[in-house]
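Step one of this worksheet: look at the structure below.
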Amino acid sequence: MTKPAAPSLRFHSFDLLATLVAVVSGNGSVLFANSALEDALGTSRRTLEGASFLPFFTEPHILRTALDGARVNEYAALRYDGWMVRPHAEPLPVHVVLAQTDSPDEFVVELLPLEAQARQDREERLIDQAQATKELIRNLAHEIKNPLGGIRGAAQLLEMEIDSRDLKEYTRVIIHEADRLQTLVDRLLAPHRRPHVVGDVNIHEVCERVRSLILAEFPRGLKVVRDYDTSIPEFRGDREQLIQAVLNIAHNGCLALADRIAAGDAQLTFRTRIGRQVTFGKQRYRLALELHVIDNGPGVPDSIKDRIFYPLVSGREGGSGLGLTLAQTFVQQHHGLIECDSVPGRTDFKILIPLP
């Protein structure tokens, strides 16, 4: 008869997860704790295994009740919010997911810090929002193009028929505004028209190109800081799209830094890092590029924080509101995502792209 594998061997794949995972018996004794849980509790796996998991919660009776319910098959899985007790640290708010394994009297307890849960929910909203926005833009732009061409053509014909200089001035206004709207529509459709040209991309070459363009436009009063992790490998992508995405973000930041540039203490930072076991876009990636574009400006206005990636939303008078929308579209075409964390004095746009 084959001897069952030890729990530490059966569940070793849980060590690859960034979420906190414990496997417990029906009475709450720990059979296995993954590395993330060890780190969060500051306690070794050897110490945890065999001990009761209940005292690690501020309300242990809830977990006790959940385990009792699971043992009599009242539910396949249970979720609730609680507080995990950590030695020498403040309790951690967590979302608890309890589910039975394929073995009797054995349960997986997954703990998601509520900050991480909120971040995951926010990312999913960003992805859904971007998809809806893309469809809206594509349909709306096509609906606008045809009548816009008719309006411009009619204005041109009318201009040819009239002699009055004053009346011709009106037709020129119509033509000019039609052309302006056409340009706007073309910009809206640009990401969907241009082919995705894939090649090897060095993210630091992208950053250096953007840096040179920014310094050419803002030669005084702005310090551009490079904080690169040069070990980041090349990846397959569209170099020009990524340059445009990073440039749109950096340029927006510089426009928000106008007062600090005038004062001579404006700062823009390009920071690259490798993220490990990163989850975004409802998928988990072993490695991901993290490119931060950070400025020390006034921050994104609260009134538009949740809408900055919507088209035509701008925190600046005269802005088109398309820069961040296009940047998000270009990055999502690389299976990535852009996040924003902004407070007065520090705005951090983080570009996440999976690495091979």
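By convention here, the chains of the structure tokens are called A, B, ... in the order presented, each chain's residues are numbered starting at 1, and ligands are numbered starting at 1 in the order presented.
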Residues within 10 Å of Glu208 in chain A, only C-alpha atoms, excluding chain neighbours under 6 positions, as a ChimeraX atom specification: /A:214,226,243,270
Polymer residues at most 9 Å from Val224 in chain A, only C-alpha atoms, same-chain spacing of 4 or more positions, as a count of residues only: 8
Residues of range 43-249 of chain A in strand (DSSP E), written as a PyMOL selection string: chain A and resi 77-84+92-100+106-113+199-201+222-227+235-237
Surrounding residues of range 16-30 of chain A excluding itself and chain neighbours under 5 positions, 9 Å, only C-alpha atoms, as an NGL selection string: :A and (7 or 11 or 35-38 or 40 or 48-54 or 63-64 or 67-68 or 70-71 or 101 or 104-113 or 116 or 276-279 or 286)
Separation of CA of Ala256 in chain A from CA of Glu339 in chain A, in Å and rounded to one decimal: 17.7 Å
Pick from A:Ile232, A:Val300, A:Ile351, A:Leu247, whichever lies nearest to Gly336 in chain A using only C-alpha atoms: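 Nearest to Gly336 in chain A: A:Ile351.
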Closest of A:Tyr228, A:Lys350, A:Phe32, A:Glu59 to Thr47 in chain A - atom-to-atom distances counting only C-alpha atoms: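 So, comparing all the options, the nearest one is A:Phe32.
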Alpha helix (DSSP H) positions in range 34-115 of chain A, given as a PyMOL selection string: chain A and resi 35-41+45-48+60-71+114-115
CA of Pro354 in chain A to CA of Asp229 in chain A, straight-line distance in Å: 15.8 Å
CA of Gly221 in chain A to CA of Gly345 in chain A, distance in Å rounded to a single decimal: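 Rounded to one decimal, the two atoms are 16.3 Å apart.
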Pro298 in chain A environment, 9 Å, only C-alpha atoms, sequence neighbours closer than 6 positions dropped, as a count of residues only: 8
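Nearest to Leu242 in chain A of all the residues A:Lys305, A:Arg273, A:Arg209, A:Arg220 is A:Arg209, based on only C-alpha atoms.
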